[in-house]
Amino acid sequence: MSAPPVLAVDGLEKHYPVRRGVLRRAAGHVRAVDGVSFAIAEGETLGLVGESGCGKSTVARSVLRLIEPSAGTIALAGTDITRLGKAALRPFRRQMQIVFQDPFASLNPRMSAGDIVAEPLKVHGHGDARERDARVASLFAQVGLSPAQRASFPHQFSGGQRQRICIARALALEPRIIVADEPVSALDVSIQAQVINLLMDLQAEKRLSYLFIAHDLAVVEHIARRVAVMYLGKIVEYAEKRSLFLAPLHPYTEALLAAVPVPNPRLRRKKRLLEGDVPSPVNPPSGCAFHTRCPYAEPRCRVDAPRLQEVAPGHWVSCHRHAAE
Amino acid sequence: MTPVDYDAELTRAGANASGVWGGLLFLARRQPLGAVGAVIMALVVFAALFADLIARCDPLATSAALSLAPPSAAHWLGADFLGRDVWARIVYGARISLAVGLGSTALGSAIGVAIGLASGYLGGWVDLIVQRVVDILQALPLLVLALVMAASLGPSLRNTVIAIAIPLIPYVARVIRANTLALRELPFVEAAKAVGMSEWRIAVRHILPNTLAPLIVLATAQLGSAILTEASLSFLGLGIPEPHPSWGRMLSESAAEYVRTAPWLVIFPGIAISLAVFGTNLLGDALRDILDPRQRS
């Protein structure tokens, strides 16, 4: 491998101080993201899964430097962008874009769809008004919208169409990687498939890389090549899609897979659904963060935090049961 | 998906309305109340602009014979205790009342928007300091603040506008700040950041337009109270200097003394103020809807 990965994240941490009292002293920290590392090659999709509140979106926003990471590095095609200033970061912004979960809040209600898609071009000084307009028309066509809809306003579109506008906006600057933060979670199932297929077609056409965030493994199974499972700010399992789905090693991954609905009602699986809620990241459990909900918890899990280890080629897991001796 | 007939949709939304008249007719159909408001305001503006032609007599000319004359063919709306024609004074008064109302509202809103936007968007210590200053300003009653301002600036039209504009600033700043705080967390603002847009451009292009609706409501409501505040200031000798007519002062001068003996001195300036306030409110509501793409189709 000679070319560096399009995106390499190493030891990413994001801590939020919890302030208490009159003096607003930091009484503790929310470890929203606590040492996350992964790499995404050109044309590859990494699925990032986890429950709400596990830090998935914080990872997405940190990667794009929309929020400042507390520690760790983010490298875009081999260049460390973690400490770049605003001006220095600007050219790199063209290489990575984001699509958000909520297609209703992602578009400025007072701008026409065409203006929204043209905006990144304007900010980066691409061409004159006519050239930009032609480019916007072609972007509309690429995402499956009629170029005549450029004059319409966001409220005139359906959720799926709005998400297409968001994708067109993200594509405008021809990025190398798109961070998709639960792009289909807010859509109907039939529309979800359309949007995912669109993302995959665009990927094949443009050699795009995706960091695809979801709370639903079924969606990730379709689009991702590798999958990282997050729990309470940490990656607990990281593997090729096939080996993760066929042989999940971490009990949390196992539980997530058990929770995926099966379309056939006759096919009843032995369900092992998780109980309880995600523990507070302000005061995470000692040892393995998952031990409070783990069906296999042993005494050592309470005291000893497992490390993420490669237990099979390309299959990483952070669990004492699978730790190499 | 049902195919959409874009041309038909656009026509329905008024995009193809031809010329100014077509556009106005379309607006009148969509916003009948707004059209009423526009007509009222057009009349008031017309009166202010062409006061010389409409007034029929000098608003400052006194006449002992006409003192407290009731409405008649010669003096449509009667005359006040100095024998000055009420119709002429109302027509000329439109100039001052409009100037004070629109001027102070525009000035106060503009400063308030700038402060609120900066405070809400920048946050941090800027927000902290600005909000404490706003708190202090807001703790004083509007009239008291205007009085202090007017007294220290001296009576003149320009100073009256400034004196009434300043108490408006904290209200506008508050509303804009609250909206800005909510808006700056929305994904479309984050998307603009991800593109590398400058903070200034985000504030002006993405946040400001979305705070328009509450601003217009606040500003139109404020217009009426600005006209009334001017009345109070003038009554206390701190507003528009005598003998220039303003609706507010015509009302407040006569309200106590003549409401029983010469009610026309109270009723007609009152109607003028009410109409202007009513007109701006209707117009403001229509404007808010017209500027909101969601209401257009």
# chains A, B, ... in the order shown; residues from 1 in each chain; ligands from 1
$ closest_atom_pairs --of "chain B" --to "chain A" --cutoff "8 Å" --atoms "only C-alpha atoms" --output "tab-separated table"
residue	atom	partner	partner_atom	distance
B:Tyr6	CA	A:Ala148	CA	7.6
B:Leu186	CA	A:Ala105	CA	6.1
B:Pro187	CA	A:Ser106	CA	4.7
B:Phe188	CA	A:Ser106	CA	4.2
B:Val189	CA	A:Ser106	CA	7.9
B:Glu190	CA	A:Leu66	CA	7.0
B:Ala191	CA	A:Ile98	CA	6.9
B:Ala192	CA	A:Pro120	CA	7.7
B:Lys193	CA	A:Leu66	CA	7.0
B:Ala194	CA	A:Arg93	CA	6.4
B:Val195	CA	A:Pro120	CA	5.7
B:Gly196	CA	A:Arg90	CA	5.5
B:Met197	CA	A:Val123	CA	6.1
B:His206	CA	A:Asn108	CA	6.7
B:Pro209	CA	A:Arg110	CA	7.0
B:Asn210	CA	A:Arg110	CA	7.0
B:Asp292	CA	A:Arg110	CA	6.7
B:Pro293	CA	A:Arg110	CA	6.0
B:Arg294	CA	A:His155	CA	6.1
$ residues_around --residues "Leu117 of chain B" --least-positions-apart "2" --cutoff "8 Å" --atoms "only C-alpha atoms" --output "PyMOL selection string"
chain B and resi 113-115+119-121+173+176-177+180+203+208
$ write_last_selection --atoms "N, CA and C atoms" --output "compact mmCIF listing (two decimals), in the first residue's frame"
# COMPACT_ATOMS: atom_id res chain seq x y z
N VAL B 113 -30.80 44.38 15.73
CA VAL B 113 -30.47 43.18 14.95
C VAL B 113 -28.97 42.95 14.98
N ALA B 114 -28.20 44.00 14.75
CA ALA B 114 -26.74 43.86 14.74
C ALA B 114 -26.25 43.34 16.09
N ILE B 115 -26.78 43.92 17.16
CA ILE B 115 -26.33 43.51 18.50
C ILE B 115 -26.78 42.08 18.80
N SER B 119 -24.30 38.99 19.39
CA SER B 119 -24.35 38.39 20.72
C SER B 119 -24.67 36.91 20.64
N GLY B 120 -25.68 36.56 19.85
CA GLY B 120 -26.10 35.16 19.77
C GLY B 120 -25.12 34.32 19.00
N TYR B 121 -24.56 34.86 17.93
CA TYR B 121 -23.72 34.04 17.08
C TYR B 121 -22.32 33.89 17.64
N ALA B 173 -32.90 43.12 20.18
CA ALA B 173 -31.68 42.34 20.40
C ALA B 173 -32.01 41.01 21.07
N ILE B 176 -33.77 38.61 18.50
CA ILE B 176 -32.84 38.14 17.47
C ILE B 176 -31.82 37.19 18.08
N ARG B 177 -31.37 37.51 19.28
CA ARG B 177 -30.39 36.64 19.92
C ARG B 177 -30.98 35.26 20.17
N THR B 180 -31.17 33.43 17.01
CA THR B 180 -29.84 33.08 16.53
C THR B 180 -29.29 31.87 17.27
N ALA B 203 -23.65 34.21 9.23
CA ALA B 203 -24.58 35.01 10.03
C ALA B 203 -25.52 35.80 9.12
N LEU B 208 -29.57 35.50 9.62
CA LEU B 208 -30.40 36.72 9.56
C LEU B 208 -31.74 36.51 8.84
$ residues_around --residues "Cys288 of chain A" --least-positions-apart "2" --cutoff "7 Å" --atoms "only C-alpha atoms" --output "list in words"
Ser286, Phe290, His291, Cys301, Arg302, Asp304, Ala305 and Pro306 of chain A
$ residues_around --residues "Gly34 of chain B" --least-positions-apart "2" --cutoff "10 Å" --atoms "only C-alpha atoms" --output "ChimeraX atom specification"
/B:27-32,36-40,279-287,289-290
$ atom_distance --atom1 "atom CA of Gly127 of chain A" --atom2 "atom CA of Arg162 of chain A"
25.3 Å
$ atom_distance --atom1 "atom CA of Ile227 of chain B" --atom2 "atom CA of Ala262 of chain B"
22.8 Å
$ select_by_dssp --residues "segment 82-277 of chain B" --states "alpha helix (DSSP H)" --output "PyMOL selection string"
chain B and resi 86-122+124-139+142-153+157-183+187-195+199-202+212-235+247-258+264-277
$ residues_around --residues "Phe50 of chain B" --least-positions-apart "4" --cutoff "12 Å" --atoms "only C-alpha atoms" --output "list in words"
Ala42, Leu43, Val44, Val45, Phe46, Ile54, Ala55, Arg56, Ala88, Val91, Tyr92, Gly93, Ala94 and Arg95 of chain B
$ residues_around --residues "Leu145 of chain A" --least-positions-apart "5" --cutoff "10 Å" --atoms "only C-alpha atoms" --output "MDAnalysis selection string"
chainID A and resid 137:140 150 161:162 164:165 168
$ write_last_selection --atoms "N, CA, C and O atoms" --output "PDB file, in the first residue's frame"
ATOM      1  N   ALA A 137     -27.215  22.343 -12.290  1.00  0.00           N
ATOM      2  CA  ALA A 137     -28.165  21.543 -13.059  1.00  0.00           C
ATOM      3  C   ALA A 137     -27.641  20.122 -13.215  1.00  0.00           C
ATOM      4  O   ALA A 137     -28.384  19.147 -13.068  1.00  0.00           O
ATOM      5  N   SER A 138     -26.349  19.999 -13.483  1.00  0.00           N
ATOM      6  CA  SER A 138     -25.807  18.652 -13.672  1.00  0.00           C
ATOM      7  C   SER A 138     -25.783  17.886 -12.346  1.00  0.00           C
ATOM      8  O   SER A 138     -26.015  16.688 -12.316  1.00  0.00           O
ATOM      9  N   LEU A 139     -25.527  18.603 -11.247  1.00  0.00           N
ATOM     10  CA  LEU A 139     -25.565  17.932  -9.933  1.00  0.00           C
ATOM     11  C   LEU A 139     -26.980  17.438  -9.625  1.00  0.00           C
ATOM     12  O   LEU A 139     -27.162  16.344  -9.089  1.00  0.00           O
ATOM     13  N   PHE A 140     -27.966  18.251  -9.972  1.00  0.00           N
ATOM     14  CA  PHE A 140     -29.358  17.831  -9.749  1.00  0.00           C
ATOM     15  C   PHE A 140     -29.640  16.547 -10.510  1.00  0.00           C
ATOM     16  O   PHE A 140     -30.257  15.621  -9.983  1.00  0.00           O
ATOM     17  N   ARG A 150     -34.659  23.427  -9.501  1.00  0.00           N
ATOM     18  CA  ARG A 150     -33.688  24.314  -8.839  1.00  0.00           C
ATOM     19  C   ARG A 150     -34.338  25.511  -8.176  1.00  0.00           C
ATOM     20  O   ARG A 150     -33.874  26.012  -7.173  1.00  0.00           O
ATOM     21  N   GLN A 161     -36.243  13.563  -1.275  1.00  0.00           N
ATOM     22  CA  GLN A 161     -35.727  14.543  -2.245  1.00  0.00           C
ATOM     23  C   GLN A 161     -34.800  15.539  -1.564  1.00  0.00           C
ATOM     24  O   GLN A 161     -33.783  15.944  -2.120  1.00  0.00           O
ATOM     25  N   ARG A 162     -35.162  15.925  -0.347  1.00  0.00           N
ATOM     26  CA  ARG A 162     -34.290  16.861   0.378  1.00  0.00           C
ATOM     27  C   ARG A 162     -32.936  16.236   0.638  1.00  0.00           C
ATOM     28  O   ARG A 162     -31.914  16.887   0.553  1.00  0.00           O
ATOM     29  N   ARG A 164     -31.546  14.154  -1.188  1.00  0.00           N
ATOM     30  CA  ARG A 164     -30.835  14.217  -2.472  1.00  0.00           C
ATOM     31  C   ARG A 164     -30.209  15.598  -2.664  1.00  0.00           C
ATOM     32  O   ARG A 164     -29.099  15.724  -3.188  1.00  0.00           O
ATOM     33  N   ILE A 165     -30.932  16.651  -2.255  1.00  0.00           N
ATOM     34  CA  ILE A 165     -30.364  18.005  -2.345  1.00  0.00           C
ATOM     35  C   ILE A 165     -29.119  18.089  -1.476  1.00  0.00           C
ATOM     36  O   ILE A 165     -28.088  18.636  -1.878  1.00  0.00           O
ATOM     37  N   ALA A 168     -26.371  16.451  -3.237  1.00  0.00           N
ATOM     38  CA  ALA A 168     -25.889  17.302  -4.329  1.00  0.00           C
ATOM     39  C   ALA A 168     -24.993  18.404  -3.777  1.00  0.00           C
ATOM     40  O   ALA A 168     -23.936  18.710  -4.339  1.00  0.00           O
TER      41      ALA A 168
END
$ atom_distance --atom1 "atom CA of Ala113 of chain A" --atom2 "atom CA of Ser146 of chain A"
11.2 Å
$ decode --residues "segment 144-168 of chain B" --atoms "N, CA, C and O atoms" --output "CSV table (one decimal), in the first residue's frame"
chain,number,residue,atom,x,y,z
B,144,VAL,N,-39.6,56.2,30.4
B,144,VAL,CA,-38.6,56.8,31.2
B,144,VAL,C,-37.3,56.9,30.5
B,144,VAL,O,-36.6,58.0,30.5
B,145,LEU,N,-36.9,55.8,29.8
B,145,LEU,CA,-35.7,55.8,29.1
B,145,LEU,C,-35.7,56.9,27.9
B,145,LEU,O,-34.8,57.7,27.7
B,146,ALA,N,-36.9,56.9,27.2
B,146,ALA,CA,-37.0,57.8,26.2
B,146,ALA,C,-37.0,59.3,26.7
B,146,ALA,O,-36.4,60.2,26.1
B,147,LEU,N,-37.6,59.5,27.9
B,147,LEU,CA,-37.6,60.8,28.5
B,147,LEU,C,-36.2,61.3,28.8
B,147,LEU,O,-35.8,62.4,28.5
B,148,VAL,N,-35.4,60.4,29.4
B,148,VAL,CA,-34.0,60.7,29.7
B,148,VAL,C,-33.2,61.1,28.5
B,148,VAL,O,-32.5,62.1,28.4
B,149,MET,N,-33.4,60.2,27.5
B,149,MET,CA,-32.7,60.5,26.2
B,149,MET,C,-33.1,61.8,25.6
B,149,MET,O,-32.3,62.6,25.2
B,150,ALA,N,-34.5,62.0,25.5
B,150,ALA,CA,-35.0,63.3,24.9
B,150,ALA,C,-34.5,64.5,25.7
B,150,ALA,O,-34.1,65.5,25.1
B,151,ALA,N,-34.5,64.4,27.0
B,151,ALA,CA,-34.1,65.5,27.9
B,151,ALA,C,-32.7,65.8,27.7
B,151,ALA,O,-32.3,67.0,27.6
B,152,SER,N,-31.8,64.8,27.5
B,152,SER,CA,-30.4,65.1,27.4
B,152,SER,C,-30.0,65.5,26.0
B,152,SER,O,-29.1,66.2,25.8
B,153,LEU,N,-30.9,65.1,25.0
B,153,LEU,CA,-30.5,65.4,23.6
B,153,LEU,C,-31.2,66.7,23.2
B,153,LEU,O,-30.7,67.4,22.3
B,154,GLY,N,-32.3,67.1,23.8
B,154,GLY,CA,-33.0,68.4,23.5
B,154,GLY,C,-34.0,68.1,22.5
B,154,GLY,O,-34.0,67.1,21.7
B,155,PRO,N,-35.1,68.9,22.5
B,155,PRO,CA,-36.2,68.6,21.6
B,155,PRO,C,-36.0,69.0,20.1
B,155,PRO,O,-35.7,70.1,19.8
B,156,SER,N,-36.1,67.9,19.3
B,156,SER,CA,-36.1,68.2,17.8
B,156,SER,C,-36.5,66.8,17.2
B,156,SER,O,-36.6,65.8,17.9
B,157,LEU,N,-36.9,66.9,15.9
B,157,LEU,CA,-37.4,65.7,15.3
B,157,LEU,C,-36.3,64.6,15.3
B,157,LEU,O,-36.6,63.4,15.7
B,158,ARG,N,-35.1,64.9,15.0
B,158,ARG,CA,-34.0,63.9,14.9
B,158,ARG,C,-33.8,63.3,16.3
B,158,ARG,O,-33.7,62.1,16.4
B,159,ASN,N,-33.7,64.1,17.3
B,159,ASN,CA,-33.5,63.6,18.7
B,159,ASN,C,-34.6,62.8,19.2
B,159,ASN,O,-34.4,61.8,19.9
B,160,THR,N,-35.9,63.2,18.8
B,160,THR,CA,-37.0,62.3,19.2
B,160,THR,C,-36.9,60.9,18.6
B,160,THR,O,-37.1,59.9,19.3
B,161,VAL,N,-36.5,60.9,17.3
B,161,VAL,CA,-36.4,59.6,16.7
B,161,VAL,C,-35.3,58.8,17.4
B,161,VAL,O,-35.5,57.6,17.8
B,162,ILE,N,-34.2,59.4,17.8
B,162,ILE,CA,-33.1,58.6,18.5
B,162,ILE,C,-33.6,58.2,19.9
B,162,ILE,O,-33.4,57.1,20.3
B,163,ALA,N,-34.3,59.2,20.5
B,163,ALA,CA,-34.7,58.9,21.9
B,163,ALA,C,-35.7,57.7,21.9
B,163,ALA,O,-35.7,56.9,22.9
B,164,ILE,N,-36.5,57.6,20.9
B,164,ILE,CA,-37.5,56.5,20.9
B,164,ILE,C,-36.9,55.2,20.4
B,164,ILE,O,-37.3,54.1,20.8
B,165,ALA,N,-35.9,55.3,19.5
B,165,ALA,CA,-35.2,54.1,19.0
B,165,ALA,C,-34.4,53.4,20.0
B,165,ALA,O,-34.4,52.2,20.1
B,166,ILE,N,-33.7,54.1,20.9
B,166,ILE,CA,-32.9,53.4,21.9
B,166,ILE,C,-33.6,52.4,22.8
B,166,ILE,O,-33.1,51.3,23.0
B,167,PRO,N,-34.7,52.8,23.4
B,167,PRO,CA,-35.4,51.8,24.2
B,167,PRO,C,-35.8,50.6,23.4
B,167,PRO,O,-36.1,49.5,24.0
B,168,LEU,N,-36.0,50.7,22.1
B,168,LEU,CA,-36.4,49.5,21.3
B,168,LEU,C,-35.3,48.5,21.1
B,168,LEU,O,-35.5,47.3,21.0
